[in-house]
Amino acid sequence: MVAMDLLKETSSSLSSNKVRSGLTMLGIIIGIASVITMVAIGQGAQSSISDRIQSIGANLIIISPGAQRTSGISAGQGSSMTLTLDDATAIGSGVQNISGVAPEDTHRYQVTAKGNNTNTQVTGTVPSYTDVRNVAVDMGMFITEYQQQTSAKVAVIGPTVRDDLFGTDADAIGQTIRIKNIDFQVIGVTVSKGGSGFNNADNAIYVPITTEQHYLSGDTYVTTVGISAANATIIPAVQQDVTDLLLQRHGISDPTAADFSIMNQADIIATASSVTGTFTILLASIAGISLLVGGIGIMNMMLTTVTERTREIGLRKAVGIRKLYINLQFLIEAVMLTFLGGALGVVLGWAAALLVSKFASLTTQISLSSVLLAFGVSAAVGILFGFYPARRAANLSPMEALRYE
Amino acid sequence: MIECTNICKTYVNGDVETKAVSGISFKIDKGEFVAIIGPSGSGKSTLMHILGALDTPTSGTYVLDGQEVSKLNDDELSDLRRNKIGFVFQAFNLLPRTTVLRNVMLPLLYSDTTDEEREKRARLCLKYAGMEESKFLNLSNQLSGGQMQRVAIARALVNEPAIIFADEPTGNLDTKTSKVVMETFRELNRQGHTIILITHEMEVAEFADRVISIRDGVIEKDVKNVHEH
């Protein structure tokens with residue numbers, strides 16, 4: 001009987017004051033939804049950045065030629081031509097724990113096909129490039145060992161190049177493209193990796209490195225050598241072995257004077273993580289502030305309504321209702337408001353995160369901890385400030401409560 | 001039924017002590033209709049709240065139906081109000097945006113009575129208080145002053161209390177409605193209810209059988225009214 005009465009009394013009290021209940025819930029809804037959306041955007045950005053970094057290769061170590069120095073003036077990293085195909089071959093045979101070596105010679109050329117033309121990067125490389133750089137072939141096949149040895153005029157193109165030259169999703173296999181006025185036959189199209197701007201893996205053409213050196217660049221140097229270590233833990237050891245080998249091959253005794261630079265994926269991830277970490281802290285503080293503002297909103301609403309209802313509490317006591325039941329009624333009202341508002345807030349925040357990823361093309365990731373935190377804080381604030389003043393009012397004598405202004 | 005001995009109530013506001021009631025003693029028997037009259041500030045409201053167990057005296061003893069009220073704790077006071085006392089306020093004090101029936105059933109909440117029984121009693125009391133049946137499901141804020149006071153009277157009756165207290169029940173009503181409400185109280189008294197009302201108007205006090213006049217916290221006069229009828 002008591003439980004039924006409490007439920008009926010609570011629901012009739014909430015439904016007969018729709019504006020008041022609605023406004024209280026609105027505070028809770030906005031507070032929770034904004035926290036969930038903010039954190040979802042932040043976490044989505046972080047995970048999409050680390051995914052992109054993973055996609056450039058597995059346990060990758062990259063060697064670039066060093067800076068060219070002419071009487072003390074540096075022309076910048078990568079400007080000198082010190083790395084050769086032989087260096088790459090030597091690394092492949094002379095260093096332990098390597099699962100693949102992929103020398104690359106990359107230049108930008110104007111490329112034409114069927115009257116369309118584009119300017120893109122042409123990478124001369126070897127078959128193991130697919131493993132080292134995490135490149136997969138969507139249609140056709142990648143450069144083979146035979147094509148590499150015979151300097152075959154074949155090309156594997158990225159999806160962006162395919163779209164530019166042959167039209168979106170056109171079948172490019174077997175077609176001919178002209179690079180520097182030399183005809184190449186398209187033998188494959190790579191899987192899209194996403195990404196944009198400078199080093200866009202989708203806007204690239206891959207040809208055998210021997211072909212590139214003989215017909216396009218005309219030299220024997222390479223622009224980078226990618227090395228894939230057998231596993232992540234031995235990356236530093238492999239990096240050291242490669243450094244030693246190259247120093248010895250280039251006849252340099254002082255490691256600080258090396259004519260090449262070497263970096264690994266762990267370094268890149270560490271740098272990017274510190275960037276996304278800052279980003280997450282930023283978003284977390286925005287979320288924290290929304291939570292604080294939302295919490296204060298809930299507190300205000302609860303405090304004003306209960307103060308407003310002190311007379312009602314007085315009346316209930318005056319007709320002989322024990323304060324336990326009055327306390328319970330207000331507690332249940334606060335719980336119902338915060339939980340209903342909280343549930344709506346979670347749904348709204350989730351929907352907002354989905355909309356953001358759909359229309360703003362930002363990856364979002366809803367995190368359970370943010371949902372729990374937002375829900376927990378607003379529920380705690382709502383219940384505390386809904387219940388505590390009611391309890392205080394129920395402890396007054398009925399006359400004091402009835403006279404309350 | 002009611003026995004007060006030397007009841008005092010002092011309000012403390014900062015350093016200033018105000019004596020609202022200073023030593024009042026009287027007896028009221030079952031079935032009496034008593035009006036407590038006095039100008040504003042005479043302490044009659046304070047006395048009424050003490051008698052209605054809405055407030056406790058600073059000193060003195062108050063025995064209601066053989067129970068020493070000044071010794072009860074908060075929950076016992078609630079139970080006493082619920083079981084023995086019906087209160088009608090000057091400001092009606094109905095729950096806003098709530099139906100007439102729910103308002104009348106309020107004192108029956110959290111009791112053992114079934115929903116059907118509560119509604120039956122509420123309907124009975126509303127008819128008793130002269131409320132039209134067509135208005136039973138109206139919201140309380142859609143009623144006129146007279147109708148609100150009838151609802152309040154029905155609410156005071158619904159627990160079948162031993163005593164009905166009315167604090168300036170006609171204070172917010174026009175003369176014609178006042179008369180009707182007072183007739184209702186008379187009728188209740190005729191049926192055996194003990195009624196104590198406070199007022200500052202002599203015309204209202206005329207309806208009672210006994211008039212206690214209060215001035216400056218003490219009893220000035222305690223006289224029987226002689227009715228023609």
# chains A, B, ... in the order shown; residues from 1 in each chain; ligands from 1

call {"tool": "residues_around", "arguments": {"residues": "Arg190 in chain B", "least_positions_apart": "3", "cutoff": "10 Å", "atoms": "only C-alpha atoms", "output": "list of chain:residue names"}}
result
B:Gly31, B:Glu32, B:Phe33, B:Thr184, B:Phe185, B:Arg186, B:Glu187, B:His193, B:Thr194

call {"tool": "residues_around", "arguments": {"residues": "range 281-292 of chain A", "least_positions_apart": "6", "cutoff": "7 Å", "atoms": "only C-alpha atoms", "output": "count of residues only"}}
result
7

call {"tool": "closest_atom_pairs", "arguments": {"of": "chain A", "to": "chain B", "cutoff": "7 Å", "atoms": "only C-alpha atoms", "output": "JSON lines"}}
result
{"residue": "A:Met1", "atom": "CA", "partner": "B:Tyr110", "partner_atom": "CA", "distance": 6.6}
{"residue": "A:Val2", "atom": "CA", "partner": "B:Tyr110", "partner_atom": "CA", "distance": 4.8}
{"residue": "A:Asp5", "atom": "CA", "partner": "B:Tyr110", "partner_atom": "CA", "distance": 6.1}
{"residue": "A:Ser16", "atom": "CA", "partner": "B:Arg97", "partner_atom": "CA", "distance": 5.9}
{"residue": "A:Glu312", "atom": "CA", "partner": "B:Leu95", "partner_atom": "CA", "distance": 6.9}
{"residue": "A:Leu315", "atom": "CA", "partner": "B:Asn93", "partner_atom": "CA", "distance": 6.8}
{"residue": "A:Lys317", "atom": "CA", "partner": "B:Ser78", "partner_atom": "CA", "distance": 6.6}
{"residue": "A:Ala318", "atom": "CA", "partner": "B:Leu54", "partner_atom": "CA", "distance": 6.4}
{"residue": "A:Val319", "atom": "CA", "partner": "B:Pro107", "partner_atom": "CA", "distance": 5.4}
{"residue": "A:Gly320", "atom": "CA", "partner": "B:Arg82", "partner_atom": "CA", "distance": 4.0}
{"residue": "A:Ile321", "atom": "CA", "partner": "B:Ser78", "partner_atom": "CA", "distance": 5.9}
{"residue": "A:Arg322", "atom": "CA", "partner": "B:Ser78", "partner_atom": "CA", "distance": 5.6}
{"residue": "A:Ser397", "atom": "CA", "partner": "B:Asp55", "partner_atom": "CA", "distance": 6.3}
{"residue": "A:Pro398", "atom": "CA", "partner": "B:Leu54", "partner_atom": "CA", "distance": 5.6}
{"residue": "A:Met399", "atom": "CA", "partner": "B:Leu54", "partner_atom": "CA", "distance": 5.8}

call {"tool": "write_last_selection", "arguments": {"atoms": "N, CA and C atoms", "output": "PDB file, in the first residue's frame"}}
result
ATOM      1  N   MET A   1       0.833  -1.203   0.000  1.00  0.00           N
ATOM      2  CA  MET A   1       0.000   0.000   0.000  1.00  0.00           C
ATOM      3  C   MET A   1       0.866   1.251   0.000  1.00  0.00           C
ATOM      4  N   VAL A   2       1.838   1.260   0.923  1.00  0.00           N
ATOM      5  CA  VAL A   2       2.713   2.425   1.045  1.00  0.00           C
ATOM      6  C   VAL A   2       3.499   2.619  -0.254  1.00  0.00           C
ATOM      7  N   ASP A   5       1.237   3.883  -2.990  1.00  0.00           N
ATOM      8  CA  ASP A   5       0.906   5.289  -2.723  1.00  0.00           C
ATOM      9  C   ASP A   5       2.059   6.198  -3.093  1.00  0.00           C
ATOM     10  N   SER A  16       1.733  16.587 -12.849  1.00  0.00           N
ATOM     11  CA  SER A  16       0.890  17.779 -12.730  1.00  0.00           C
ATOM     12  C   SER A  16       1.725  19.048 -12.777  1.00  0.00           C
ATOM     13  N   GLU A 312       3.906  23.058   0.458  1.00  0.00           N
ATOM     14  CA  GLU A 312       3.255  21.771   0.196  1.00  0.00           C
ATOM     15  C   GLU A 312       3.691  20.742   1.241  1.00  0.00           C
ATOM     16  N   LEU A 315       1.872  21.403   4.369  1.00  0.00           N
ATOM     17  CA  LEU A 315       0.492  20.930   4.293  1.00  0.00           C
ATOM     18  C   LEU A 315       0.426  19.421   4.514  1.00  0.00           C
ATOM     19  N   LYS A 317       2.477  17.598   6.108  1.00  0.00           N
ATOM     20  CA  LYS A 317       2.687  17.291   7.527  1.00  0.00           C
ATOM     21  C   LYS A 317       1.449  17.653   8.339  1.00  0.00           C
ATOM     22  N   ALA A 318       0.816  18.786   7.999  1.00  0.00           N
ATOM     23  CA  ALA A 318      -0.330  19.259   8.775  1.00  0.00           C
ATOM     24  C   ALA A 318      -1.485  18.264   8.736  1.00  0.00           C
ATOM     25  N   VAL A 319      -1.658  17.573   7.601  1.00  0.00           N
ATOM     26  CA  VAL A 319      -2.755  16.606   7.559  1.00  0.00           C
ATOM     27  C   VAL A 319      -2.327  15.261   8.135  1.00  0.00           C
ATOM     28  N   GLY A 320      -1.122  15.201   8.688  1.00  0.00           N
ATOM     29  CA  GLY A 320      -0.742  14.026   9.454  1.00  0.00           C
ATOM     30  C   GLY A 320       0.098  12.996   8.720  1.00  0.00           C
ATOM     31  N   ILE A 321       0.778  13.404   7.618  1.00  0.00           N
ATOM     32  CA  ILE A 321       1.664  12.453   6.943  1.00  0.00           C
ATOM     33  C   ILE A 321       3.017  12.493   7.636  1.00  0.00           C
ATOM     34  N   ARG A 322       3.544  11.326   7.972  1.00  0.00           N
ATOM     35  CA  ARG A 322       4.837  11.263   8.664  1.00  0.00           C
ATOM     36  C   ARG A 322       5.955  11.743   7.754  1.00  0.00           C
ATOM     37  N   SER A 397       8.484  22.378  11.811  1.00  0.00           N
ATOM     38  CA  SER A 397       7.128  22.127  12.290  1.00  0.00           C
ATOM     39  C   SER A 397       6.195  22.533  11.156  1.00  0.00           C
ATOM     40  N   PRO A 398       5.014  21.903  11.053  1.00  0.00           N
ATOM     41  CA  PRO A 398       4.134  22.169   9.912  1.00  0.00           C
ATOM     42  C   PRO A 398       3.817  23.658   9.747  1.00  0.00           C
ATOM     43  N   MET A 399       3.689  24.353  10.872  1.00  0.00           N
ATOM     44  CA  MET A 399       3.339  25.773  10.811  1.00  0.00           C
ATOM     45  C   MET A 399       4.464  26.584  10.172  1.00  0.00           C
TER      46      MET A 399
END

call {"tool": "select_by_dssp", "arguments": {"residues": "chain B", "states": "strand (DSSP E or B)", "output": "ChimeraX atom specification"}}
result
/B:2-13,16-28,33-37,59-64,67-68,85-88,99,139,163-167,194-199,210-215,218-224

call {"tool": "select_by_dssp", "arguments": {"residues": "range 130-223 of chain A", "states": "alpha helix (DSSP H)", "output": "PDB file with all heavy atoms, in the first residue's frame"}}
result
ATOM      1  N   THR A 130      54.627  -3.912 -50.204  1.00  0.00           N
ATOM      2  CA  THR A 130      53.275  -4.145 -49.685  1.00  0.00           C
ATOM      3  C   THR A 130      53.305  -4.539 -48.217  1.00  0.00           C
ATOM      4  O   THR A 130      52.473  -4.093 -47.428  1.00  0.00           O
ATOM      5  CB  THR A 130      52.566  -5.248 -50.479  1.00  0.00           C
ATOM      6  OG1 THR A 130      53.453  -6.365 -50.582  1.00  0.00           O
ATOM      7  CG2 THR A 130      52.166  -4.780 -51.861  1.00  0.00           C
ATOM      8  N   ASP A 131      54.296  -5.381 -47.834  1.00  0.00           N
ATOM      9  CA  ASP A 131      54.368  -5.807 -46.433  1.00  0.00           C
ATOM     10  C   ASP A 131      54.910  -4.709 -45.546  1.00  0.00           C
ATOM     11  O   ASP A 131      54.406  -4.466 -44.458  1.00  0.00           O
ATOM     12  CB  ASP A 131      55.280  -7.045 -46.306  1.00  0.00           C
ATOM     13  CG  ASP A 131      54.724  -8.206 -47.112  1.00  0.00           C
ATOM     14  OD1 ASP A 131      53.479  -8.294 -47.206  1.00  0.00           O
ATOM     15  OD2 ASP A 131      55.530  -9.004 -47.637  1.00  0.00           O
ATOM     16  N   VAL A 132      55.960  -4.038 -46.018  1.00  0.00           N
ATOM     17  CA  VAL A 132      56.616  -3.033 -45.193  1.00  0.00           C
ATOM     18  C   VAL A 132      55.694  -1.844 -44.938  1.00  0.00           C
ATOM     19  O   VAL A 132      55.612  -1.331 -43.833  1.00  0.00           O
ATOM     20  CB  VAL A 132      57.936  -2.576 -45.860  1.00  0.00           C
ATOM     21  CG1 VAL A 132      58.576  -1.449 -45.071  1.00  0.00           C
ATOM     22  CG2 VAL A 132      58.889  -3.749 -45.989  1.00  0.00           C
ATOM     23  N   GLU A 145      58.577  -9.885 -58.542  1.00  0.00           N
ATOM     24  CA  GLU A 145      60.029  -9.951 -58.523  1.00  0.00           C
ATOM     25  C   GLU A 145      60.585  -9.951 -59.959  1.00  0.00           C
ATOM     26  O   GLU A 145      61.585  -9.297 -60.264  1.00  0.00           O
ATOM     27  CB  GLU A 145      60.454 -11.229 -57.779  1.00  0.00           C
ATOM     28  CG  GLU A 145      61.907 -11.260 -57.318  1.00  0.00           C
ATOM     29  CD  GLU A 145      62.229 -10.138 -56.343  1.00  0.00           C
ATOM     30  OE1 GLU A 145      61.417  -9.866 -55.423  1.00  0.00           O
ATOM     31  OE2 GLU A 145      63.279  -9.509 -56.519  1.00  0.00           O
ATOM     32  N   TYR A 146      59.880 -10.649 -60.855  1.00  0.00           N
ATOM     33  CA  TYR A 146      60.320 -10.753 -62.251  1.00  0.00           C
ATOM     34  C   TYR A 146      60.271  -9.390 -62.948  1.00  0.00           C
ATOM     35  O   TYR A 146      61.222  -8.972 -63.604  1.00  0.00           O
ATOM     36  CB  TYR A 146      59.430 -11.769 -62.991  1.00  0.00           C
ATOM     37  CG  TYR A 146      59.774 -11.918 -64.445  1.00  0.00           C
ATOM     38  CD1 TYR A 146      60.932 -12.631 -64.846  1.00  0.00           C
ATOM     39  CD2 TYR A 146      58.979 -11.337 -65.435  1.00  0.00           C
ATOM     40  CE1 TYR A 146      61.250 -12.752 -66.179  1.00  0.00           C
ATOM     41  CE2 TYR A 146      59.300 -11.463 -66.777  1.00  0.00           C
ATOM     42  CZ  TYR A 146      60.440 -12.171 -67.151  1.00  0.00           C
ATOM     43  OH  TYR A 146      60.760 -12.284 -68.466  1.00  0.00           O
ATOM     44  N   GLN A 147      59.149  -8.689 -62.733  1.00  0.00           N
ATOM     45  CA  GLN A 147      59.009  -7.354 -63.327  1.00  0.00           C
ATOM     46  C   GLN A 147      60.090  -6.413 -62.798  1.00  0.00           C
ATOM     47  O   GLN A 147      60.624  -5.570 -63.513  1.00  0.00           O
ATOM     48  CB  GLN A 147      57.616  -6.773 -63.004  1.00  0.00           C
ATOM     49  CG  GLN A 147      56.503  -7.447 -63.781  1.00  0.00           C
ATOM     50  CD  GLN A 147      55.148  -7.212 -63.157  1.00  0.00           C
ATOM     51  OE1 GLN A 147      55.045  -6.864 -61.990  1.00  0.00           O
ATOM     52  NE2 GLN A 147      54.099  -7.418 -63.950  1.00  0.00           N
ATOM     53  N   GLN A 148      60.410  -6.582 -61.501  1.00  0.00           N
ATOM     54  CA  GLN A 148      61.425  -5.756 -60.863  1.00  0.00           C
ATOM     55  C   GLN A 148      62.800  -6.031 -61.488  1.00  0.00           C
ATOM     56  O   GLN A 148      63.552  -5.116 -61.789  1.00  0.00           O
ATOM     57  CB  GLN A 148      61.365  -6.070 -59.348  1.00  0.00           C
ATOM     58  CG  GLN A 148      62.653  -6.077 -58.579  1.00  0.00           C
ATOM     59  CD  GLN A 148      63.092  -4.654 -58.263  1.00  0.00           C
ATOM     60  OE1 GLN A 148      62.340  -3.705 -58.455  1.00  0.00           O
ATOM     61  NE2 GLN A 148      64.330  -4.522 -57.848  1.00  0.00           N
ATOM     62  N   GLN A 149      63.105  -7.324 -61.739  1.00  0.00           N
ATOM     63  CA  GLN A 149      64.419  -7.660 -62.305  1.00  0.00           C
ATOM     64  C   GLN A 149      64.524  -7.264 -63.771  1.00  0.00           C
ATOM     65  O   GLN A 149      65.593  -6.918 -64.258  1.00  0.00           O
ATOM     66  CB  GLN A 149      64.676  -9.176 -62.161  1.00  0.00           C
ATOM     67  CG  GLN A 149      65.184  -9.530 -60.777  1.00  0.00           C
ATOM     68  CD  GLN A 149      65.053 -11.009 -60.474  1.00  0.00           C
ATOM     69  OE1 GLN A 149      64.762 -11.809 -61.353  1.00  0.00           O
ATOM     70  NE2 GLN A 149      65.263 -11.352 -59.216  1.00  0.00           N
ATOM     71  N   PRO A 159      43.901   4.564 -55.782  1.00  0.00           N
ATOM     72  CA  PRO A 159      42.516   4.821 -56.196  1.00  0.00           C
ATOM     73  C   PRO A 159      42.260   6.273 -56.623  1.00  0.00           C
ATOM     74  O   PRO A 159      41.451   6.517 -57.519  1.00  0.00           O
ATOM     75  CB  PRO A 159      41.683   4.463 -54.963  1.00  0.00           C
ATOM     76  CG  PRO A 159      42.631   4.257 -53.861  1.00  0.00           C
ATOM     77  CD  PRO A 159      43.973   3.991 -54.441  1.00  0.00           C
ATOM     78  N   THR A 160      42.968   7.218 -56.020  1.00  0.00           N
ATOM     79  CA  THR A 160      42.765   8.616 -56.400  1.00  0.00           C
ATOM     80  C   THR A 160      43.256   8.861 -57.831  1.00  0.00           C
ATOM     81  O   THR A 160      42.609   9.544 -58.623  1.00  0.00           O
ATOM     82  CB  THR A 160      43.502   9.546 -55.415  1.00  0.00           C
ATOM     83  OG1 THR A 160      43.128   9.194 -54.098  1.00  0.00           O
ATOM     84  CG2 THR A 160      43.169  11.006 -55.666  1.00  0.00           C
ATOM     85  N   VAL A 161      44.425   8.266 -58.145  1.00  0.00           N
ATOM     86  CA  VAL A 161      44.967   8.405 -59.497  1.00  0.00           C
ATOM     87  C   VAL A 161      44.022   7.754 -60.503  1.00  0.00           C
ATOM     88  O   VAL A 161      43.735   8.313 -61.578  1.00  0.00           O
ATOM     89  CB  VAL A 161      46.363   7.741 -59.578  1.00  0.00           C
ATOM     90  CG1 VAL A 161      46.898   7.789 -61.013  1.00  0.00           C
ATOM     91  CG2 VAL A 161      47.326   8.399 -58.617  1.00  0.00           C
ATOM     92  N   ARG A 162      43.517   6.567 -60.157  1.00  0.00           N
ATOM     93  CA  ARG A 162      42.566   5.870 -61.019  1.00  0.00           C
ATOM     94  C   ARG A 162      41.349   6.761 -61.280  1.00  0.00           C
ATOM     95  O   ARG A 162      40.919   6.928 -62.426  1.00  0.00           O
ATOM     96  CB  ARG A 162      42.135   4.556 -60.330  1.00  0.00           C
ATOM     97  CG  ARG A 162      41.294   3.589 -61.164  1.00  0.00           C
ATOM     98  CD  ARG A 162      39.794   3.655 -60.852  1.00  0.00           C
ATOM     99  NE  ARG A 162      39.466   3.887 -59.467  1.00  0.00           N
ATOM    100  CZ  ARG A 162      39.256   2.933 -58.570  1.00  0.00           C
ATOM    101  NH1 ARG A 162      39.388   1.681 -58.907  1.00  0.00           N
ATOM    102  NH2 ARG A 162      38.912   3.252 -57.347  1.00  0.00           N
ATOM    103  N   ASP A 163      40.801   7.371 -60.196  1.00  0.00           N
ATOM    104  CA  ASP A 163      39.627   8.232 -60.360  1.00  0.00           C
ATOM    105  C   ASP A 163      39.956   9.437 -61.237  1.00  0.00           C
ATOM    106  O   ASP A 163      39.154   9.855 -62.063  1.00  0.00           O
ATOM    107  CB  ASP A 163      39.125   8.713 -58.989  1.00  0.00           C
ATOM    108  CG  ASP A 163      38.571   7.555 -58.168  1.00  0.00           C
ATOM    109  OD1 ASP A 163      38.402   6.458 -58.733  1.00  0.00           O
ATOM    110  OD2 ASP A 163      38.320   7.759 -56.957  1.00  0.00           O
ATOM    111  N   ASP A 164      41.161  10.016 -61.044  1.00  0.00           N
ATOM    112  CA  ASP A 164      41.545  11.208 -61.797  1.00  0.00           C
ATOM    113  C   ASP A 164      41.730  10.901 -63.289  1.00  0.00           C
ATOM    114  O   ASP A 164      41.352  11.699 -64.149  1.00  0.00           O
ATOM    115  CB  ASP A 164      42.861  11.792 -61.250  1.00  0.00           C
ATOM    116  CG  ASP A 164      42.647  12.494 -59.919  1.00  0.00           C
ATOM    117  OD1 ASP A 164      41.460  12.689 -59.565  1.00  0.00           O
ATOM    118  OD2 ASP A 164      43.648  12.826 -59.256  1.00  0.00           O
ATOM    119  N   LEU A 165      42.328   9.754 -63.567  1.00  0.00           N
ATOM    120  CA  LEU A 165      42.685   9.470 -64.960  1.00  0.00           C
ATOM    121  C   LEU A 165      41.580   8.728 -65.726  1.00  0.00           C
ATOM    122  O   LEU A 165      41.379   8.959 -66.908  1.00  0.00           O
ATOM    123  CB  LEU A 165      43.978   8.654 -65.019  1.00  0.00           C
ATOM    124  CG  LEU A 165      45.249   9.365 -64.519  1.00  0.00           C
ATOM    125  CD1 LEU A 165      46.438   8.440 -64.628  1.00  0.00           C
ATOM    126  CD2 LEU A 165      45.504  10.653 -65.302  1.00  0.00           C
ATOM    127  N   PHE A 166      40.904   7.831 -65.056  1.00  0.00           N
ATOM    128  CA  PHE A 166      39.943   6.988 -65.783  1.00  0.00           C
ATOM    129  C   PHE A 166      38.495   7.198 -65.356  1.00  0.00           C
ATOM    130  O   PHE A 166      37.579   6.611 -65.908  1.00  0.00           O
ATOM    131  CB  PHE A 166      40.303   5.502 -65.596  1.00  0.00           C
ATOM    132  CG  PHE A 166      41.685   5.166 -66.077  1.00  0.00           C
ATOM    133  CD1 PHE A 166      42.715   4.931 -65.193  1.00  0.00           C
ATOM    134  CD2 PHE A 166      41.943   5.125 -67.451  1.00  0.00           C
ATOM    135  CE1 PHE A 166      43.991   4.646 -65.636  1.00  0.00           C
ATOM    136  CE2 PHE A 166      43.228   4.828 -67.895  1.00  0.00           C
ATOM    137  CZ  PHE A 166      44.255   4.599 -66.990  1.00  0.00           C
ATOM    138  N   ILE A 209      61.375  -0.416 -59.015  1.00  0.00           N
ATOM    139  CA  ILE A 209      62.395   0.605 -58.744  1.00  0.00           C
ATOM    140  C   ILE A 209      63.444   0.636 -59.856  1.00  0.00           C
ATOM    141  O   ILE A 209      63.988   1.692 -60.208  1.00  0.00           O
ATOM    142  CB  ILE A 209      63.042   0.399 -57.358  1.00  0.00           C
ATOM    143  CG1 ILE A 209      63.869   1.649 -56.971  1.00  0.00           C
ATOM    144  CG2 ILE A 209      63.882  -0.876 -57.298  1.00  0.00           C
ATOM    145  CD1 ILE A 209      64.190   1.765 -55.525  1.00  0.00           C
ATOM    146  N   THR A 210      63.702  -0.536 -60.482  1.00  0.00           N
ATOM    147  CA  THR A 210      64.691  -0.565 -61.572  1.00  0.00           C
ATOM    148  C   THR A 210      64.162   0.229 -62.764  1.00  0.00           C
ATOM    149  O   THR A 210      64.903   0.975 -63.403  1.00  0.00           O
ATOM    150  CB  THR A 210      64.955  -2.015 -61.979  1.00  0.00           C
ATOM    151  OG1 THR A 210      63.697  -2.693 -62.091  1.00  0.00           O
ATOM    152  CG2 THR A 210      65.805  -2.734 -60.953  1.00  0.00           C
ATOM    153  N   THR A 211      62.852   0.082 -63.029  1.00  0.00           N
ATOM    154  CA  THR A 211      62.230   0.832 -64.118  1.00  0.00           C
ATOM    155  C   THR A 211      62.328   2.331 -63.850  1.00  0.00           C
ATOM    156  O   THR A 211      62.689   3.129 -64.718  1.00  0.00           O
ATOM    157  CB  THR A 211      60.744   0.435 -64.243  1.00  0.00           C
ATOM    158  OG1 THR A 211      60.634  -0.969 -64.110  1.00  0.00           O
ATOM    159  CG2 THR A 211      60.162   0.891 -65.553  1.00  0.00           C
TER     160      THR A 211
END

call {"tool": "residues_around", "arguments": {"residues": "Asp222 in chain B", "least_positions_apart": "6", "cutoff": "12 Å", "atoms": "only C-alpha atoms", "output": "PDB file with C-alpha atoms, in the first residue's frame"}}
result
ATOM      1  CA  ILE B  24      -3.790  30.198  29.051  1.00  0.00           C
ATOM      2  CA  SER B  25      -5.883  27.517  30.755  1.00  0.00           C
ATOM      3  CA  PHE B  26      -9.296  26.162  29.708  1.00  0.00           C
ATOM      4  CA  LYS B  27     -11.283  23.013  29.050  1.00  0.00           C
ATOM      5  CA  ILE B  28     -13.371  22.112  26.056  1.00  0.00           C
ATOM      6  CA  VAL B  34     -16.161  27.100  20.366  1.00  0.00           C
ATOM      7  CA  ALA B  35     -15.046  30.328  18.711  1.00  0.00           C
ATOM      8  CA  ILE B  36     -11.774  31.885  19.804  1.00  0.00           C
ATOM      9  CA  ILE B  37     -11.945  35.567  18.997  1.00  0.00           C
ATOM     10  CA  GLY B  38      -9.420  38.340  19.284  1.00  0.00           C
ATOM     11  CA  ASP B 209     -22.045  28.128  21.314  1.00  0.00           C
ATOM     12  CA  ARG B 210     -19.139  29.440  23.324  1.00  0.00           C
ATOM     13  CA  VAL B 211     -16.857  32.389  22.650  1.00  0.00           C
ATOM     14  CA  ILE B 212     -13.394  32.717  24.187  1.00  0.00           C
ATOM     15  CA  SER B 213     -11.919  36.195  23.738  1.00  0.00           C
ATOM     16  CA  ILE B 214      -8.176  36.563  23.760  1.00  0.00           C
ATOM     17  CA  ARG B 215      -6.166  39.747  24.079  1.00  0.00           C
TER      18      ARG B 215
END

call {"tool": "residues_around", "arguments": {"residues": "range 121-138 of chain B", "least_positions_apart": "2", "cutoff": "8 Å", "atoms": "only C-alpha atoms", "output": "JSON, numbers by chain"}}
result
{"B": [99, 100, 101, 104, 105, 117, 118, 119, 140, 142, 143, 147, 150, 151, 153, 154, 155, 157, 158, 184]}
